[in-house]
$ cat work-v4.tsv   # TSV, C-alpha atoms
chain	number	residue	atom	x	y	z
A	664	MET	CA	-102.82	66.68	27.84
A	665	ARG	CA	-100.64	63.57	27.77
A	666	ILE	CA	-97.28	63.76	29.59
A	667	LEU	CA	-94.74	61.02	28.89
A	668	VAL	CA	-92.14	60.51	31.63
A	669	ALA	CA	-88.93	58.70	30.67
A	670	THR	CA	-87.28	57.02	33.64
A	671	ASP	CA	-84.54	54.47	34.26
A	672	ALA	CA	-85.86	53.98	37.81
A	673	TRP	CA	-88.82	51.62	37.89
A	674	HIS	CA	-90.26	48.54	39.56
A	675	PRO	CA	-89.00	46.40	41.20
A	676	GLN	CA	-86.58	49.10	42.37
A	677	VAL	CA	-87.40	50.84	45.64
A	678	ASN	CA	-86.17	54.44	45.73
A	679	GLY	CA	-87.27	58.03	46.01
A	680	VAL	CA	-87.33	58.63	42.26
A	681	LEU	CA	-89.82	55.84	41.68
A	682	ARG	CA	-92.02	56.90	44.59
A	683	THR	CA	-91.97	60.51	43.41
A	684	LEU	CA	-93.06	59.64	39.88
A	685	THR	CA	-95.82	57.25	40.87
A	686	LYS	CA	-97.17	59.63	43.52
A	687	LEU	CA	-97.04	62.45	40.97
A	688	ALA	CA	-99.24	60.54	38.54
A	689	ASP	CA	-101.67	59.46	41.27
A	690	ALA	CA	-101.96	62.98	42.67
A	691	ALA	CA	-102.62	64.54	39.26
A	692	LYS	CA	-105.77	62.44	39.01
A	693	GLY	CA	-107.12	63.97	42.19
A	694	LEU	CA	-106.47	67.61	41.40
A	695	SER	CA	-109.46	69.82	40.80
A	696	VAL	CA	-109.97	71.44	37.42
A	697	GLN	CA	-110.23	74.81	39.16
A	698	GLY	CA	-106.94	74.24	40.91
A	699	LEU	CA	-105.13	74.24	37.59
A	700	GLY	CA	-107.26	76.89	35.94
A	701	ILE	CA	-108.47	74.40	33.34
A	702	GLU	CA	-111.85	74.95	31.75
A	703	GLY	CA	-113.87	71.84	31.03
A	704	LEU	CA	-113.31	68.23	32.08
A	705	GLY	CA	-110.56	66.06	30.65
A	706	ILE	CA	-109.02	62.74	31.59
A	707	GLU	CA	-109.76	61.97	35.23
A	708	GLY	CA	-111.44	65.37	35.43
A	709	LEU	CA	-108.14	67.18	34.99
A	710	GLY	CA	-107.12	67.03	31.36
A	711	VAL	CA	-103.72	65.53	32.23
A	712	GLU	CA	-102.66	61.91	31.78
A	713	PHE	CA	-99.27	60.46	32.69
A	714	SER	CA	-97.58	57.54	30.97
A	715	PHE	CA	-94.12	56.13	31.61
A	716	LEU	CA	-91.33	54.87	29.37
A	717	THR	CA	-89.41	52.46	31.61
A	718	PRO	CA	-86.88	49.59	31.60
A	719	GLN	CA	-89.78	47.13	31.44
A	720	SER	CA	-89.89	47.70	27.67
A	721	PHE	CA	-86.26	46.64	27.10
A	722	ARG	CA	-83.64	44.02	27.82
A	723	THR	CA	-81.74	44.92	30.97
A	724	PHE	CA	-78.46	44.14	32.71
A	725	ALA	CA	-77.41	44.38	36.35
A	726	MET	CA	-75.74	47.64	37.30
A	727	PRO	CA	-72.09	47.09	38.30
A	728	SER	CA	-71.65	47.22	42.11
A	729	TYR	CA	-75.45	47.30	42.56
A	730	ARG	CA	-76.97	44.15	41.06
A	731	ASP	CA	-80.44	44.86	42.41
A	732	VAL	CA	-80.69	47.76	39.95
A	733	ARG	CA	-81.07	46.75	36.32
A	734	LEU	CA	-80.22	49.17	33.51
A	735	ALA	CA	-82.07	49.11	30.20
A	736	MET	CA	-80.47	48.57	26.81
A	737	PRO	CA	-82.74	50.73	24.64
A	738	ARG	CA	-82.38	50.99	20.89
A	739	PRO	CA	-83.12	54.29	19.14
A	740	ALA	CA	-85.72	52.78	16.81
A	741	ARG	CA	-87.67	51.18	19.67
A	742	ILE	CA	-87.48	54.37	21.72
A	743	ALA	CA	-88.92	56.30	18.78
A	744	ARG	CA	-91.71	53.76	18.27
A	745	LEU	CA	-92.71	53.76	21.93
A	746	ILE	CA	-92.78	57.56	22.09
A	747	GLU	CA	-94.84	57.82	18.93
A	748	GLU	CA	-97.26	55.15	20.16
A	749	ALA	CA	-97.73	57.12	23.39
A	750	ARG	CA	-98.61	60.26	21.37
A	751	PRO	CA	-97.42	62.60	24.14
A	752	ASP	CA	-98.14	66.30	24.29
A	753	SER	CA	-95.11	66.82	26.54
A	754	ILE	CA	-91.99	64.80	27.37
A	755	HIS	CA	-90.24	64.80	30.75
A	756	ILE	CA	-86.90	63.02	31.30
A	757	ALA	CA	-86.57	62.01	34.94
A	758	THR	CA	-83.19	60.25	34.95
A	759	GLU	CA	-79.82	60.53	33.25
A	760	GLY	CA	-79.49	56.78	32.52
A	761	PRO	CA	-79.70	54.89	29.20
A	762	ILE	CA	-83.42	55.57	28.70
A	763	GLY	CA	-83.02	59.23	29.58
A	764	LEU	CA	-80.12	59.56	27.17
A	765	MET	CA	-82.01	57.92	24.30
A	766	VAL	CA	-85.16	60.00	24.84
A	767	ARG	CA	-83.00	63.14	25.01
A	768	ARG	CA	-81.41	62.11	21.71
A	769	TYR	CA	-84.86	61.55	20.16
A	770	CYS	CA	-86.01	65.02	21.20
A	771	ARG	CA	-82.80	66.71	20.11
A	772	GLN	CA	-82.85	65.12	16.67
A	773	ARG	CA	-86.43	66.28	16.10
A	774	LYS	CA	-85.98	69.66	17.79
A	775	LEU	CA	-88.71	68.84	20.32
A	776	PRO	CA	-88.92	70.64	23.67
A	777	PHE	CA	-88.62	68.62	26.86
A	778	THR	CA	-88.12	69.07	30.61
A	779	THR	CA	-85.86	67.20	33.02
A	780	SER	CA	-85.53	66.71	36.77
A	781	PHE	CA	-82.49	66.38	39.01
A	782	HIS	CA	-83.04	63.67	41.63
A	783	THR	CA	-79.63	62.30	42.54
A	784	ARG	CA	-76.19	63.73	43.33
A	785	PHE	CA	-74.38	61.29	41.04
A	786	PRO	CA	-70.92	62.78	41.65
A	787	GLU	CA	-71.10	61.85	45.34
A	788	TYR	CA	-72.65	58.44	44.58
A	789	VAL	CA	-70.00	57.56	42.03
A	790	ARG	CA	-67.09	58.78	44.17
A	791	ALA	CA	-68.34	56.53	46.99
A	792	ARG	CA	-67.62	53.57	44.71
A	793	VAL	CA	-64.87	54.53	42.26
A	794	PRO	CA	-62.19	57.29	42.22
A	795	VAL	CA	-63.69	59.47	39.48
A	796	PRO	CA	-63.25	63.26	39.74
A	797	GLY	CA	-66.54	64.89	40.64
A	798	SER	CA	-65.84	67.74	38.22
A	799	LEU	CA	-66.05	65.35	35.26
A	800	ILE	CA	-69.41	63.99	36.37
A	801	TRP	CA	-70.83	67.48	36.98
A	802	ARG	CA	-69.69	68.47	33.49
A	803	ALA	CA	-71.54	65.49	31.99
A	804	LEU	CA	-74.67	66.31	33.98
A	805	ARG	CA	-74.60	69.95	32.86
A	806	ARG	CA	-74.36	68.79	29.25
A	807	PHE	CA	-77.24	66.34	29.71
A	808	HIS	CA	-79.60	68.95	31.17
A	809	ALA	CA	-78.48	71.92	29.04
A	810	PRO	CA	-81.20	71.58	26.33
A	811	SER	CA	-83.99	71.16	28.90
A	812	ARG	CA	-86.65	73.88	29.00
A	813	ALA	CA	-86.81	73.42	32.79
A	814	VAL	CA	-84.52	71.48	35.14
A	815	MET	CA	-86.73	70.64	38.14
A	816	ALA	CA	-85.10	70.56	41.59
A	817	ALA	CA	-86.74	69.50	44.85
A	818	THR	CA	-85.49	72.27	47.17
A	819	PRO	CA	-84.39	75.93	46.94
A	820	ALA	CA	-80.90	74.95	48.13
A	821	LEU	CA	-80.52	72.31	45.41
A	822	ALA	CA	-81.86	74.71	42.80
A	823	GLY	CA	-79.33	77.30	43.93
A	824	GLU	CA	-76.50	74.78	43.85
A	825	LEU	CA	-77.37	73.70	40.31
A	826	THR	CA	-77.49	77.33	39.17
A	827	ASP	CA	-74.11	78.00	40.79
A	828	ARG	CA	-72.70	74.98	38.97
A	829	GLY	CA	-73.76	76.36	35.60
A	830	PHE	CA	-77.15	74.68	35.07
A	831	ASP	CA	-79.68	76.81	33.18
A	832	ASN	CA	-83.48	77.02	33.49
A	833	VAL	CA	-83.61	75.57	37.00
A	834	VAL	CA	-87.08	75.61	38.60
A	835	LEU	CA	-88.38	74.43	41.95
A	836	TRP	CA	-90.49	71.26	42.13
A	837	PRO	CA	-91.29	70.41	45.79
A	838	ARG	CA	-92.23	66.91	46.97
A	839	GLY	CA	-95.10	65.61	49.08
A	840	VAL	CA	-96.14	62.87	51.47
A	841	ASP	CA	-99.20	60.62	51.69
A	842	THR	CA	-100.64	61.54	55.09
A	843	SER	CA	-103.50	59.06	54.63
A	844	LEU	CA	-100.88	56.29	54.88
A	845	PHE	CA	-98.20	57.85	57.07
A	846	HIS	CA	-99.71	59.08	60.33
A	847	PRO	CA	-99.38	58.39	64.07
A	848	ARG	CA	-100.92	55.23	65.48
A	849	ALA	CA	-100.44	52.99	68.52
A	850	ILE	CA	-97.98	50.28	67.47
A	851	ASP	CA	-95.57	48.28	69.64
A	852	LEU	CA	-92.61	46.54	67.96
A	853	CYS	CA	-91.85	44.74	71.25
A	854	LEU	CA	-88.26	45.94	71.13
A	855	PRO	CA	-86.17	47.61	73.83
A	856	ALA	CA	-86.88	51.35	73.77
A	857	PRO	CA	-86.05	53.84	72.49
A	858	VAL	CA	-86.20	52.60	68.90
A	859	PHE	CA	-83.92	54.44	66.48
A	860	LEU	CA	-85.04	53.79	62.91
A	861	SER	CA	-83.44	54.31	59.50
A	862	VAL	CA	-85.26	53.61	56.22
A	863	GLY	CA	-83.77	53.51	52.74
A	864	ARG	CA	-81.40	51.76	50.38
A	865	VAL	CA	-78.75	49.79	52.23
A	866	ALA	CA	-75.81	51.01	50.18
A	867	VAL	CA	-72.47	52.67	50.74
A	868	GLU	CA	-73.66	56.17	49.82
A	869	LYS	CA	-76.28	56.12	52.60
A	870	ASN	CA	-73.53	56.28	55.27
A	871	LEU	CA	-75.33	53.82	57.55
A	872	GLU	CA	-72.14	53.02	59.48
A	873	ALA	CA	-72.32	56.52	60.96
A	874	PHE	CA	-75.62	55.46	62.57
A	875	LEU	CA	-74.72	51.87	63.40
A	876	ASP	CA	-71.46	52.90	65.10
A	877	LEU	CA	-73.28	55.12	67.60
A	878	ASP	CA	-73.49	54.15	71.27
A	879	LEU	CA	-77.25	54.50	71.78
A	880	PRO	CA	-79.68	52.97	74.25
A	881	GLY	CA	-82.57	50.81	73.07
A	882	THR	CA	-82.65	49.34	69.56
A	883	LYS	CA	-81.36	50.26	66.11
A	884	VAL	CA	-83.65	49.19	63.27
A	885	ILE	CA	-82.83	49.29	59.55
A	886	VAL	CA	-85.60	49.00	56.94
A	887	GLY	CA	-84.51	48.50	53.35
A	888	ASP	CA	-82.34	46.33	51.17
A	889	GLY	CA	-79.29	46.79	49.01
A	890	PRO	CA	-75.76	45.63	48.22
A	891	ALA	CA	-74.34	46.52	51.65
A	892	ARG	CA	-76.95	44.69	53.72
A	893	ALA	CA	-75.15	41.36	54.14
A	894	SER	CA	-71.87	42.94	55.24
A	895	LEU	CA	-73.60	45.35	57.63
A	896	GLU	CA	-75.71	42.59	59.20
A	897	GLU	CA	-72.52	40.65	59.87
A	898	ALA	CA	-70.65	43.69	61.23
A	899	TYR	CA	-73.51	44.91	63.45
A	900	PRO	CA	-75.29	41.85	64.92
A	901	ASP	CA	-77.06	43.93	67.58
A	902	ALA	CA	-78.97	45.96	64.97
A	903	ILE	CA	-82.20	44.64	63.49
A	904	PHE	CA	-82.45	44.51	59.70
A	905	LEU	CA	-86.05	44.09	58.55
A	906	GLY	CA	-85.49	44.20	54.79
A	907	GLU	CA	-87.83	46.03	52.43
A	908	LYS	CA	-91.21	47.10	53.78
A	909	HIS	CA	-94.01	48.82	51.92
A	910	GLY	CA	-97.41	50.35	52.48
A	911	GLU	CA	-99.10	49.76	55.81
A	912	ALA	CA	-96.26	47.58	57.11
A	913	LEU	CA	-93.76	50.41	56.58
A	914	ALA	CA	-96.12	53.02	58.01
A	915	GLU	CA	-96.57	50.99	61.20
A	916	ILE	CA	-92.81	50.74	61.71
A	917	TYR	CA	-92.43	54.51	61.36
A	918	ALA	CA	-95.19	55.08	63.91
A	919	ALA	CA	-93.70	52.59	66.37
A	920	ALA	CA	-90.20	54.12	66.41
A	921	ASP	CA	-88.96	56.96	68.63
A	922	VAL	CA	-86.40	58.72	66.39
A	923	PHE	CA	-85.77	58.62	62.65
A	924	VAL	CA	-82.03	58.65	61.93
A	925	PHE	CA	-80.94	59.90	58.52
A	926	PRO	CA	-77.15	59.55	58.20
A	927	SER	CA	-76.93	60.20	54.44
A	928	LYS	CA	-74.90	63.19	53.27
A	929	THR	CA	-75.68	62.80	49.56
A	930	ASP	CA	-79.48	62.82	49.20
A	931	THR	CA	-81.05	65.72	47.31
A	932	PHE	CA	-84.26	65.57	49.37
A	933	GLY	CA	-85.08	62.34	51.21
A	934	LEU	CA	-88.77	61.47	50.91
A	935	VAL	CA	-88.34	59.24	53.95
A	936	LEU	CA	-87.88	62.38	56.05
A	937	LEU	CA	-91.42	63.51	55.25
A	938	GLU	CA	-92.79	59.99	55.76
A	939	ALA	CA	-91.21	59.88	59.20
A	940	LEU	CA	-92.43	63.35	60.19
A	941	ALA	CA	-95.97	62.61	58.99
A	942	SER	CA	-95.87	59.55	61.26
A	943	GLY	CA	-94.99	61.77	64.23
A	944	LEU	CA	-91.35	60.67	64.20
A	945	PRO	CA	-88.69	63.34	64.90
A	946	VAL	CA	-85.56	63.35	62.74
A	947	ALA	CA	-81.88	63.15	63.69
A	948	ALA	CA	-79.47	63.97	60.87
A	949	PHE	CA	-76.31	65.76	59.85
A	950	PRO	CA	-76.76	69.47	58.98
A	951	VAL	CA	-76.30	68.91	55.24
A	952	LYS	CA	-78.36	69.57	52.13
A	953	GLY	CA	-81.34	67.28	52.13
A	954	PRO	CA	-82.29	67.21	55.81
A	955	ARG	CA	-81.37	70.88	56.19
A	956	ASP	CA	-83.54	71.80	53.21
A	957	VAL	CA	-86.51	69.78	54.47
A	958	ILE	CA	-86.36	70.64	58.17
A	959	GLY	CA	-84.57	73.99	58.29
A	960	ASP	CA	-85.14	75.63	61.67
A	961	ALA	CA	-88.46	73.87	62.33
A	962	PRO	CA	-88.67	72.21	65.77
A	963	VAL	CA	-89.21	68.74	64.30
A	964	GLY	CA	-85.78	67.20	64.74
A	965	ALA	CA	-82.14	67.79	65.50
A	966	LEU	CA	-79.36	68.46	63.00
A	967	ASP	CA	-75.85	68.13	64.36
A	968	HIS	CA	-72.38	67.22	63.08
A	969	ASP	CA	-72.38	64.87	66.07
A	970	LEU	CA	-75.08	62.42	64.96
A	971	GLY	CA	-75.26	60.84	68.41
A	972	SER	CA	-76.07	64.19	70.00
A	973	ALA	CA	-78.75	64.72	67.35
A	974	CYS	CA	-80.31	61.36	68.24
A	975	PHE	CA	-80.56	62.19	71.92
A	976	ALA	CA	-81.89	65.70	71.21
A	977	ALA	CA	-84.56	64.32	68.88
A	978	LEU	CA	-86.00	62.24	71.74
A	979	ASP	CA	-87.27	65.48	73.30
A	980	VAL	CA	-89.07	66.74	70.16
A	981	CYS	CA	-92.86	67.01	70.26
A	982	ARG	CA	-94.30	64.38	67.91
A	983	GLN	CA	-97.39	66.46	67.15
A	984	ASP	CA	-95.15	69.25	65.84
A	985	CYS	CA	-93.73	66.74	63.36
A	986	VAL	CA	-97.20	65.80	62.13
A	987	ALA	CA	-98.25	69.43	61.72
A	988	PHE	CA	-95.06	70.21	59.79
A	989	ALA	CA	-95.51	67.33	57.31
A	990	ALA	CA	-99.12	68.38	56.62
A	991	ASN	CA	-97.73	71.30	54.61
A	992	TYR	CA	-96.36	68.92	51.98
A	993	THR	CA	-98.96	67.34	49.69
A	994	TRP	CA	-98.54	65.39	46.48
A	995	GLU	CA	-101.42	67.37	44.96
A	996	ALA	CA	-99.45	70.61	45.40
A	997	SER	CA	-96.36	68.89	43.99
A	998	ALA	CA	-98.26	67.70	40.90
A	999	LYS	CA	-99.69	71.17	40.30
A	1000	VAL	CA	-96.21	72.75	40.36
A	1001	PHE	CA	-94.91	70.08	37.97
A	1002	ILE	CA	-97.69	70.63	35.44
A	1003	ASP	CA	-97.58	74.41	35.78
A	1004	SER	CA	-93.82	74.36	35.13
A	1005	ILE	CA	-94.29	72.49	31.87
A	1006	ARG	CA	-96.89	75.00	30.75
A	1007	ALA	CA	-94.83	78.00	31.87
A	1008	VAL	CA	-91.74	77.10	29.84
A	1009	GLY	CA	-93.67	76.05	26.75
A	1010	ALA	CA	-92.47	72.44	26.86
A	1011	VAL	CA	-95.41	71.24	24.78
A	1012	LEU	CA	-94.85	69.45	21.49
A	1013	PRO	CA	-95.94	71.09	18.22
A	1014	GLY	CA	-99.56	70.30	17.40
A	1015	ALA	CA	-100.18	68.83	20.84
A	1016	GLU	CA	-103.58	68.85	22.41
A	1017	GLN	CA	-103.65	71.37	25.22
A	1018	PRO	CA	-106.28	72.01	27.88
A	1019	ARG	CA	-108.04	75.32	27.68
A	1020	PHE	CA	-107.07	77.72	30.43
A	1021	VAL	CA	-109.21	80.32	32.12
A	1022	ALA	CA	-107.98	83.83	31.29
$ encode --input "work-v4.tsv" --output "structure tokens"
Amino acid sequence: MRILVATDAWHPQVNGVLRTLTKLADAAKGLSVQGLGIEGLGIEGLGVEFSFLTPQSFRTFAMPSYRDVRLAMPRPARIARLIEEARPDSIHIATEGPIGLMVRRYCRQRKLPFTTSFHTRFPEYVRARVPVPGSLIWRALRRFHAPSRAVMAATPALAGELTDRGFDNVVLWPRGVDTSLFHPRAIDLCLPAPVFLSVGRVAVEKNLEAFLDLDLPGTKVIVGDGPARASLEEAYPDAIFLGEKHGEALAEIYAAADVFVFPSKTDTFGLVLLEALASGLPVAAFPVKGPRDVIGDAPVGALDHDLGSACFAALDVCRQDCVAFAANYTWEASAKVFIDSIRAVGAVLPGAEQPRFVA
């Protein structure tokens, strides 16, 4: 079974959408045939192969107000050719950008089924930059996702919110974390303790000022890059900005910190929360969707409308409890839910090759 994923988020971007999609494809390769109820061996022993339709196939331009993100300029004819060359058995649209819109158009014109996923609260992101009514953006998003056989949401709370806002066919698609990379280890950053860490895009919607304005002991460390980095570095000279970090370098920073601070109020999930917890790093955040959905009442962090109080409370959290909590989230389980959802809603193209399932 060949699944084509259309996404406007791709390398060299660094964000949760890209990490989710790449981890999804990697995890699908490692799933057992029995785990999916598939009889007989297929590609990578599973019968499922992922391919991606990305901005790398098109001319791009810098996104206004966020020049590090480049948007594709896809033409309908090229979109059609790339899809037909991929010969997919199922099509998933991961983003609502130019590529997502063109692939949606392709499917609609040919009456082909497809699935979508909801990764980003665009109304909040847009309103952080320009005065556009959120109701207009939600209306556009409902229209975009309306023909989807399944709109995949990361948490029960987000799924419920989408349903309340008039989205149809909403299903749950949980995320995972790579515990072979993110795990506790003895690392010393040689910085005054305690170390309060935040990881993610350095942009206005991440609300980093709420963290940087806090009167905290020790050191504040920011990992990531983005359009707000230069202004924040100038405004907060006592904080340490390390830029983008990946792989082992990022994992070591997580493990060396004392508290992970997540000031965002707009994220739908926050993969960095799971990466921090898997590293034994307790979380301090506002009690909003995203951190509330991930952590809930688990004793792995502190959620408080007073972010400073949450930071101090998180210092007393048992790090081993964080590790045990994150172990419940695997990318293999996430990939299985994704594939099962496509099968369950019949989002397979006419005449597509399908794996044989055990009765």
$ atom_distance --input "work-v4.tsv" --atom1 "atom CA of A:Phe1001" --atom2 "atom CA of A:Ala948"
28.3 Å
$ atom_distance --input "work-v4.tsv" --atom1 "atom CA of A:Ile1002" --atom2 "atom CA of A:Gln719"
25.1 Å
$ atom_distance --input "work-v4.tsv" --atom1 "atom CA of A:Ile850" --atom2 "atom CA of A:Gly933"
24.0 Å
$ closest_residue --input "work-v4.tsv" --among "A:Leu825, A:Leu937, A:Ala977, A:Ala898" --to "A:Val858" --atoms "all atoms listed in the file"
A:Ala977
$ residues_near_point --input "work-v4.tsv" --point "(-92.6, 72.3, 69.2)" --cutoff "6 Å" --atoms "all atoms listed in the file" --output "list of chain:residue names"
A:Pro962, A:Cys981, A:Asp984
$ residues_around --input "work-v4.tsv" --residues "stretch 793-807 of chain A" --least-positions-apart "4" --cutoff "12 Å" --atoms "all atoms listed in the file" --output "ChimeraX atom specification"
/A:727-728,756-761,763-768,771,777-789,811,814,824-833,867-868
$ closest_residue --input "work-v4.tsv" --among "A:Trp836, A:Phe988, A:Phe845, A:Phe874" --to "A:Ala912" --atoms "only C-alpha atoms"
A:Phe845
$ residues_near_point --input "work-v4.tsv" --point "(-77.1, 69.2, 51.5)" --cutoff "7 Å" --atoms "all atoms listed in the file" --output "ChimeraX atom specification"
/A:928-929,931,951-953,955
$ closest_residue --input "work-v4.tsv" --among "A:Leu854, A:Leu745, A:Leu734, A:Ala866" --to "A:Ala893" --atoms "all atoms listed in the file"
A:Ala866
$ closest_atom_pairs --input "work-v4.tsv" --of "stretch 955-1014 of chain A" --to "stretch 879-892 of chain A" --cutoff "10 Å" --atoms "only C-alpha atoms" --output "CSV"
residue,atom,partner,partner_atom,distance
A:Gly971,CA,A:Leu879,CA,7.5
A:Ser972,CA,A:Leu879,CA,9.9
A:Cys974,CA,A:Leu879,CA,8.3
A:Phe975,CA,A:Leu879,CA,8.4
$ decode --input "work-v4.tsv" --residues "stretch 883-898 of chain A" --atoms "N, CA, C and O atoms" --output "PDB file, in the first residue's frame"
ATOM      1  N   LYS A 883      18.436  30.925  31.839  1.00  0.00           N
ATOM      2  CA  LYS A 883      17.398  30.676  30.838  1.00  0.00           C
ATOM      3  C   LYS A 883      18.075  30.366  29.509  1.00  0.00           C
ATOM      4  O   LYS A 883      18.940  31.122  29.051  1.00  0.00           O
ATOM      5  N   VAL A 884      17.687  29.243  28.911  1.00  0.00           N
ATOM      6  CA  VAL A 884      18.287  28.807  27.650  1.00  0.00           C
ATOM      7  C   VAL A 884      17.182  28.649  26.603  1.00  0.00           C
ATOM      8  O   VAL A 884      16.151  28.011  26.869  1.00  0.00           O
ATOM      9  N   ILE A 885      17.412  29.200  25.417  1.00  0.00           N
ATOM     10  CA  ILE A 885      16.476  29.078  24.298  1.00  0.00           C
ATOM     11  C   ILE A 885      17.170  28.310  23.179  1.00  0.00           C
ATOM     12  O   ILE A 885      18.242  28.707  22.714  1.00  0.00           O
ATOM     13  N   VAL A 886      16.545  27.215  22.732  1.00  0.00           N
ATOM     14  CA  VAL A 886      17.036  26.464  21.578  1.00  0.00           C
ATOM     15  C   VAL A 886      16.030  26.628  20.450  1.00  0.00           C
ATOM     16  O   VAL A 886      14.840  26.367  20.623  1.00  0.00           O
ATOM     17  N   GLY A 887      16.517  27.055  19.302  1.00  0.00           N
ATOM     18  CA  GLY A 887      15.640  27.246  18.149  1.00  0.00           C
ATOM     19  C   GLY A 887      16.003  28.527  17.425  1.00  0.00           C
ATOM     20  O   GLY A 887      16.830  29.331  17.886  1.00  0.00           O
ATOM     21  N   ASP A 888      15.379  28.720  16.286  1.00  0.00           N
ATOM     22  CA  ASP A 888      15.620  29.909  15.480  1.00  0.00           C
ATOM     23  C   ASP A 888      14.291  30.400  14.937  1.00  0.00           C
ATOM     24  O   ASP A 888      13.284  29.685  15.000  1.00  0.00           O
ATOM     25  N   GLY A 889      14.292  31.609  14.412  1.00  0.00           N
ATOM     26  CA  GLY A 889      13.070  32.155  13.873  1.00  0.00           C
ATOM     27  C   GLY A 889      13.133  33.661  13.760  1.00  0.00           C
ATOM     28  O   GLY A 889      14.145  34.289  14.148  1.00  0.00           O
ATOM     29  N   PRO A 890      12.074  34.278  13.266  1.00  0.00           N
ATOM     30  CA  PRO A 890      12.111  35.720  12.961  1.00  0.00           C
ATOM     31  C   PRO A 890      12.240  36.616  14.182  1.00  0.00           C
ATOM     32  O   PRO A 890      12.645  37.764  14.052  1.00  0.00           O
ATOM     33  N   ALA A 891      11.917  36.120  15.374  1.00  0.00           N
ATOM     34  CA  ALA A 891      11.990  36.963  16.574  1.00  0.00           C
ATOM     35  C   ALA A 891      13.312  36.824  17.312  1.00  0.00           C
ATOM     36  O   ALA A 891      13.526  37.501  18.330  1.00  0.00           O
ATOM     37  N   ARG A 892      14.200  35.980  16.832  1.00  0.00           N
ATOM     38  CA  ARG A 892      15.412  35.702  17.614  1.00  0.00           C
ATOM     39  C   ARG A 892      16.280  36.935  17.820  1.00  0.00           C
ATOM     40  O   ARG A 892      16.715  37.206  18.955  1.00  0.00           O
ATOM     41  N   ALA A 893      16.535  37.697  16.776  1.00  0.00           N
ATOM     42  CA  ALA A 893      17.443  38.843  16.894  1.00  0.00           C
ATOM     43  C   ALA A 893      16.911  39.859  17.899  1.00  0.00           C
ATOM     44  O   ALA A 893      17.661  40.358  18.751  1.00  0.00           O
ATOM     45  N   SER A 894      15.636  40.165  17.830  1.00  0.00           N
ATOM     46  CA  SER A 894      15.066  41.159  18.742  1.00  0.00           C
ATOM     47  C   SER A 894      15.045  40.651  20.177  1.00  0.00           C
ATOM     48  O   SER A 894      15.287  41.420  21.122  1.00  0.00           O
ATOM     49  N   LEU A 895      14.787  39.357  20.372  1.00  0.00           N
ATOM     50  CA  LEU A 895      14.768  38.813  21.724  1.00  0.00           C
ATOM     51  C   LEU A 895      16.168  38.732  22.321  1.00  0.00           C
ATOM     52  O   LEU A 895      16.352  38.984  23.522  1.00  0.00           O
ATOM     53  N   GLU A 896      17.158  38.387  21.501  1.00  0.00           N
ATOM     54  CA  GLU A 896      18.536  38.360  22.000  1.00  0.00           C
ATOM     55  C   GLU A 896      18.969  39.745  22.472  1.00  0.00           C
ATOM     56  O   GLU A 896      19.664  39.893  23.480  1.00  0.00           O
ATOM     57  N   GLU A 897      18.545  40.766  21.737  1.00  0.00           N
ATOM     58  CA  GLU A 897      18.897  42.136  22.118  1.00  0.00           C
ATOM     59  C   GLU A 897      18.161  42.560  23.390  1.00  0.00           C
ATOM     60  O   GLU A 897      18.738  43.228  24.263  1.00  0.00           O
ATOM     61  N   ALA A 898      16.890  42.148  23.500  1.00  0.00           N
ATOM     62  CA  ALA A 898      16.073  42.576  24.642  1.00  0.00           C
ATOM     63  C   ALA A 898      16.404  41.808  25.914  1.00  0.00           C
ATOM     64  O   ALA A 898      16.187  42.322  27.019  1.00  0.00           O
TER      65      ALA A 898
END
